[in-house]
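Structure file model.cif (mmCIF, C-alpha atoms and all ligand atoms) follows.
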```cif
data_protein
loop_
_atom_site.label_atom_id
_atom_site.label_comp_id
_atom_site.auth_asym_id
_atom_site.auth_seq_id
_atom_site.Cartn_x
_atom_site.Cartn_y
_atom_site.Cartn_z
CA MET A 25 -21.49 15.81 -34.91
CA LYS A 26 -21.10 18.92 -32.76
CA ARG A 27 -18.69 18.79 -29.83
CA GLN A 28 -21.51 19.53 -27.36
CA ASN A 29 -23.53 16.57 -28.69
CA ILE A 30 -20.56 14.25 -28.26
CA VAL A 31 -20.11 15.49 -24.69
CA HIS A 32 -23.81 14.88 -23.90
CA LEU A 33 -23.76 11.44 -25.51
CA THR A 34 -20.67 10.47 -23.51
CA GLN A 35 -22.13 11.80 -20.25
CA THR A 36 -25.37 9.90 -20.86
CA ALA A 37 -23.57 6.64 -21.60
CA LEU A 38 -21.34 7.05 -18.53
CA MET A 39 -24.38 7.69 -16.33
CA THR A 40 -26.09 4.55 -17.63
CA ALA A 41 -22.87 2.64 -16.95
CA MET A 42 -22.84 4.02 -13.40
CA LEU A 43 -26.45 2.95 -12.90
CA ILE A 44 -25.51 -0.56 -14.04
CA VAL A 45 -22.54 -0.66 -11.64
CA LEU A 46 -24.77 0.49 -8.74
CA GLY A 47 -27.14 -2.36 -9.66
CA MET A 48 -24.30 -4.84 -9.10
CA ILE A 49 -24.17 -3.91 -5.41
CA PRO A 50 -26.36 -6.43 -3.60
CA GLY A 51 -29.63 -5.20 -2.15
CA ILE A 52 -30.83 -5.69 1.41
CA PRO A 53 -34.08 -7.66 1.58
CA LEU A 54 -36.62 -6.38 4.08
CA GLY A 55 -38.72 -9.48 4.59
CA PHE A 56 -42.03 -7.73 5.16
CA ILE A 57 -42.32 -6.38 1.56
CA PRO A 58 -40.89 -7.79 -1.69
CA VAL A 59 -38.81 -4.64 -2.28
CA PRO A 60 -35.15 -4.47 -1.24
CA ILE A 61 -33.04 -1.57 -0.06
CA VAL A 62 -30.90 -0.73 -3.11
CA LEU A 63 -28.25 1.80 -4.15
CA GLN A 64 -29.42 2.17 -7.74
CA ASN A 65 -31.96 4.86 -6.83
CA MET A 66 -29.06 7.09 -5.75
CA GLY A 67 -27.83 6.89 -9.34
CA VAL A 68 -31.26 7.96 -10.56
CA MET A 69 -31.08 11.04 -8.30
CA MET A 70 -27.57 11.77 -9.58
CA ALA A 71 -28.73 11.48 -13.19
CA GLY A 72 -31.11 14.41 -12.61
CA GLU A 73 -28.67 16.34 -10.48
CA LEU A 74 -25.68 16.02 -12.81
CA LEU A 75 -27.14 15.75 -16.31
CA GLY A 76 -30.44 17.64 -16.04
CA PRO A 77 -33.85 16.67 -17.41
CA LYS A 78 -32.91 15.60 -20.94
CA GLU A 79 -29.71 13.60 -20.65
CA GLY A 80 -30.64 12.46 -17.13
CA THR A 81 -33.91 10.98 -18.34
CA THR A 82 -32.19 9.45 -21.38
CA SER A 83 -29.62 7.69 -19.19
CA VAL A 84 -32.31 6.16 -16.94
CA ALA A 85 -34.51 5.31 -19.95
CA LEU A 86 -31.55 3.50 -21.50
CA LEU A 87 -31.05 1.46 -18.33
CA LEU A 88 -34.76 0.57 -18.21
CA PHE A 89 -34.75 -0.32 -21.92
CA LEU A 90 -31.80 -2.67 -21.44
CA VAL A 91 -33.59 -4.21 -18.45
CA ALA A 92 -36.80 -4.58 -20.47
CA VAL A 93 -35.03 -6.47 -23.26
CA GLY A 94 -33.57 -8.86 -20.70
CA PHE A 95 -30.24 -7.57 -19.43
CA PRO A 96 -29.82 -8.40 -15.70
CA PHE A 97 -29.00 -4.82 -14.76
CA LEU A 98 -31.26 -4.33 -11.75
CA THR A 99 -30.12 -5.08 -8.20
CA GLY A 100 -29.75 -8.81 -7.63
CA GLY A 101 -29.36 -9.41 -11.36
CA SER A 102 -33.03 -9.14 -12.24
CA GLY A 103 -34.16 -8.09 -15.66
CA GLY A 104 -36.74 -8.79 -18.34
CA ILE A 105 -40.06 -7.17 -19.16
CA ALA A 106 -41.83 -8.99 -16.30
CA VAL A 107 -40.09 -6.93 -13.59
CA PHE A 108 -42.13 -3.92 -14.72
CA ALA A 109 -45.32 -5.76 -13.75
CA GLY A 110 -43.82 -7.04 -10.48
CA PRO A 111 -43.83 -5.49 -7.00
CA THR A 112 -41.12 -2.96 -7.89
CA GLY A 113 -42.77 -1.78 -11.13
CA GLY A 114 -43.97 1.50 -9.59
CA TYR A 115 -40.48 2.43 -8.40
CA LEU A 116 -39.08 1.73 -11.87
CA LEU A 117 -41.75 3.91 -13.48
CA ALA A 118 -40.96 6.70 -11.01
CA TRP A 119 -37.23 6.33 -11.78
CA LEU A 120 -37.98 7.30 -15.39
CA PHE A 121 -39.51 10.64 -14.35
CA THR A 122 -37.18 11.48 -11.46
CA PRO A 123 -34.35 13.07 -13.52
CA LEU A 124 -36.97 15.15 -15.34
CA LEU A 125 -38.35 16.40 -12.03
CA ILE A 126 -34.99 16.99 -10.33
CA GLY A 127 -33.35 18.45 -13.43
CA SER A 128 -36.25 20.80 -14.26
CA LEU A 129 -36.69 22.03 -10.69
CA ARG A 130 -32.99 22.76 -10.39
CA ARG A 131 -32.75 24.41 -13.79
CA HIS A 132 -35.75 26.69 -13.19
CA PHE A 133 -35.42 27.52 -9.50
CA GLY A 134 -32.02 26.27 -8.35
CA GLY A 135 -29.72 29.07 -9.49
CA SER A 136 -28.95 30.32 -6.01
CA TRP A 137 -29.83 27.29 -3.91
CA ASN A 138 -27.60 26.42 -1.01
CA TRP A 139 -26.85 22.82 -0.04
CA TRP A 140 -29.92 22.47 2.19
CA GLN A 141 -32.35 23.87 -0.37
CA GLU A 142 -31.02 21.52 -3.04
CA PHE A 143 -31.12 18.60 -0.57
CA LEU A 144 -34.77 19.38 0.24
CA MET A 145 -35.67 19.44 -3.45
CA VAL A 146 -33.99 16.04 -4.02
CA ILE A 147 -35.84 14.64 -1.00
CA VAL A 148 -39.17 15.70 -2.52
CA ALA A 149 -38.44 14.81 -6.17
CA GLY A 150 -36.10 11.86 -5.66
CA VAL A 151 -37.23 10.22 -2.42
CA VAL A 152 -40.87 11.09 -1.66
CA PHE A 153 -41.92 10.93 -5.32
CA ILE A 154 -40.30 7.50 -5.89
CA ASP A 155 -41.39 5.97 -2.59
CA VAL A 156 -45.00 7.17 -2.89
CA THR A 157 -45.34 6.08 -6.53
CA GLY A 158 -43.74 2.75 -5.63
CA SER A 159 -46.10 2.31 -2.68
CA VAL A 160 -49.21 3.00 -4.76
CA TRP A 161 -48.19 0.35 -7.28
CA LEU A 162 -47.05 -2.07 -4.57
CA SER A 163 -50.37 -1.81 -2.72
CA TRP A 164 -52.28 -2.64 -5.90
CA GLN A 165 -49.87 -5.33 -7.09
CA SER A 166 -49.45 -7.08 -3.75
CA HIS A 167 -53.03 -6.60 -2.51
CA MET A 168 -52.01 -4.51 0.50
CA THR A 169 -53.76 -1.41 1.76
CA LEU A 170 -52.13 1.82 0.60
CA ALA A 171 -51.57 2.75 4.24
CA ALA A 172 -49.69 -0.52 4.85
CA ALA A 173 -47.59 -0.03 1.72
CA LEU A 174 -46.74 3.57 2.68
CA MET A 175 -45.93 2.55 6.26
CA SER A 176 -43.64 -0.25 5.09
CA ASN A 177 -41.83 2.20 2.81
CA LEU A 178 -40.81 4.21 5.87
CA ALA A 179 -38.04 1.59 6.18
CA PHE A 180 -36.43 3.08 3.06
CA ILE A 181 -36.41 6.65 4.33
CA PRO A 182 -33.20 6.69 6.44
CA GLY A 183 -31.16 5.12 3.63
CA ASP A 184 -32.83 7.21 0.95
CA LEU A 185 -32.07 10.42 2.87
CA ILE A 186 -28.40 9.45 3.06
CA LYS A 187 -28.39 8.65 -0.68
CA ALA A 188 -30.02 12.03 -1.45
CA GLY A 189 -27.37 13.79 0.65
CA VAL A 190 -24.54 11.92 -1.07
CA ALA A 191 -26.03 12.64 -4.53
CA VAL A 192 -26.28 16.38 -3.78
CA ALA A 193 -22.78 16.53 -2.27
CA ILE A 194 -21.20 14.73 -5.25
CA ALA A 195 -23.18 16.79 -7.78
CA ARG A 196 -22.23 20.12 -6.18
CA GLN A 197 -18.56 19.09 -6.15
CA LEU A 198 -18.52 17.87 -9.75
CA ARG A 199 -20.39 20.93 -11.09
CA SER A 200 -17.57 23.10 -9.83
CA VAL A 201 -15.12 21.31 -12.15
CA PRO A 202 -15.30 23.39 -15.39
CA THR A 203 -13.82 20.71 -17.69
CA LEU A 204 -16.69 18.31 -16.91
CA ASN A 205 -19.18 20.57 -18.72
CA LEU A 206 -21.97 20.03 -16.18
CA ASP A 207 -24.51 22.78 -15.54
C1 LIG A 301 -35.75 -3.22 -8.68
O1 LIG A 301 -34.58 -3.56 -8.54
O2 LIG A 301 -36.61 -3.93 -9.24
C2 LIG A 301 -36.19 -1.87 -8.17
C3 LIG A 301 -35.96 -1.73 -6.72
C4 LIG A 301 -36.63 -0.49 -6.18
C5 LIG A 301 -36.28 -0.25 -4.73
C6 LIG A 301 -36.89 1.01 -4.17
S1 LIG A 301 -36.18 2.49 -4.84
C7 LIG A 301 -36.80 3.47 -3.54
C8 LIG A 301 -36.74 2.64 -2.29
N1 LIG A 301 -35.45 2.76 -1.68
C9 LIG A 301 -34.79 1.64 -1.64
O3 LIG A 301 -33.63 1.50 -1.16
N2 LIG A 301 -35.51 0.65 -2.17
C10 LIG A 301 -36.77 1.16 -2.68
#
```
What would the structure in this file look like if it were written as structure tokens?
Ligand code: BTN
Amino acid sequence: MKRQNIVHLTQTALMTAMLIVLGMIPGIPLGFIPVPIVLQNMGVMMAGELLGPKEGTTSVALLLFLVAVGFPFLTGGSGGIAVFAGPTGGYLLAWLFTPLLIGSLRRHFGGSWNWWQEFLMVIVAGVVFIDVTGSVWLSWQSHMTLAAALMSNLAFIPGDLIKAGVAVAIARQLRSVPTLNLD
């Protein structure tokens, strides 16, 4: 196996491990919708930011596969195929595509981005995309109007903006370490 492949495999496995660790941090229930505030979505943003579209998506897909086969790796220890049909199914689907979006946008347009430009991109591809997709599914699954689902998701925005900022700050720091082989 080529050295580069081993590096990518290791980075992917470590990212999945980080996503699992973030899932161990308890969520904050909101009460008015069956979707908690979690930290795991910050890991999904970091997967795209640090590993790019291919390895980033693979690391999130691996997490979701392990969840699907029953490992309790989501926040609060939930797991099993049924969670994908539950109220948070839309967020989980969006998680799968988020590293692809973030990684591709950065790879194609991000060469000379400053912190704010990269932060804005992660807000669009890692916050708005996930929260809107999650809201559409939630409204259908929980028999709410789309407007009500979108309005209730505003509660996630302050935390999600902080998570996006932290993900960008960490990614920009780590990319400047040559031995980590991040691009
Ligand atoms: C799950 O554990 O089943 C998925 C939880 C999804 C929570 C979403 S991710 C985007 C938004 N921000 C949060 O902090 N919570 C929701």
* Would you name the residues within 7 Å of ligand LIG 301 (chain A), counting only C-alpha atoms and all ligand atoms, and put them as an MDAnalysis selection string? -> chainID A and resid 59:63 65 98:99 102 107 112:113 115:116 151 154:155 180 183:184
* Which protein, DNA or RNA residues are at most 9 Å from (-37.2, 17.1, -14.1) in the file's coordinates when you count only C-alpha atoms, listed as JSON, numbers by chain? -> {"A": [72, 76, 77, 78, 80, 81, 121, 122, 123, 124, 125, 126, 127, 128, 129, 130, 131, 149]}
Show me, as AutoDock Vina command-line options, the centre and edge lengths in Å to one decimal of the axis-aligned box that covers every listed atom of segment 153-164 of chain A with 3 Å on each side.
```
--center_x -46.3 --center_y 4.1 --center_z -4.9 --size_x 18.0 --size_y 19.6 --size_z 10.7
```
* **Selected residue, from A:Phe56, A:Trp164, A:Trp119, A:Phe97, that lies nearest to Val152 of chain A when counting only C-alpha atoms** =>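 Using only C-alpha atoms, the shortest distance to Val152 of chain A belongs to A:Trp119.
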Skip segment 87-89 of chain A itself and residues of its chain fewer than 6 positions away, then list as an mmCIF file with C-alpha atoms, keeping the file's coordinate frame all residues within 10 Å of it, counting all atoms listed in the file.
```cif
data_model
loop_
_atom_site.group_PDB
_atom_site.id
_atom_site.type_symbol
_atom_site.label_atom_id
_atom_site.label_comp_id
_atom_site.auth_asym_id
_atom_site.auth_seq_id
_atom_site.Cartn_x
_atom_site.Cartn_y
_atom_site.Cartn_z
ATOM 1 C CA ALA A 37 -23.570 6.640 -21.600
ATOM 2 C CA MET A 39 -24.380 7.690 -16.330
ATOM 3 C CA THR A 40 -26.090 4.550 -17.630
ATOM 4 C CA ALA A 41 -22.870 2.640 -16.950
ATOM 5 C CA MET A 42 -22.840 4.020 -13.400
ATOM 6 C CA LEU A 43 -26.450 2.950 -12.900
ATOM 7 C CA ILE A 44 -25.510 -0.560 -14.040
ATOM 8 C CA THR A 81 -33.910 10.980 -18.340
ATOM 9 C CA PHE A 95 -30.240 -7.570 -19.430
ATOM 10 C CA PHE A 97 -29.000 -4.820 -14.760
ATOM 11 C CA LEU A 98 -31.260 -4.330 -11.750
ATOM 12 C CA GLY A 103 -34.160 -8.090 -15.660
ATOM 13 C CA GLY A 104 -36.740 -8.790 -18.340
ATOM 14 C CA ILE A 105 -40.060 -7.170 -19.160
ATOM 15 C CA PHE A 108 -42.130 -3.920 -14.720
ATOM 16 C CA LEU A 116 -39.080 1.730 -11.870
ATOM 17 C CA LEU A 117 -41.750 3.910 -13.480
ATOM 18 C CA TRP A 119 -37.230 6.330 -11.780
ATOM 19 C CA LEU A 120 -37.980 7.300 -15.390
#
```
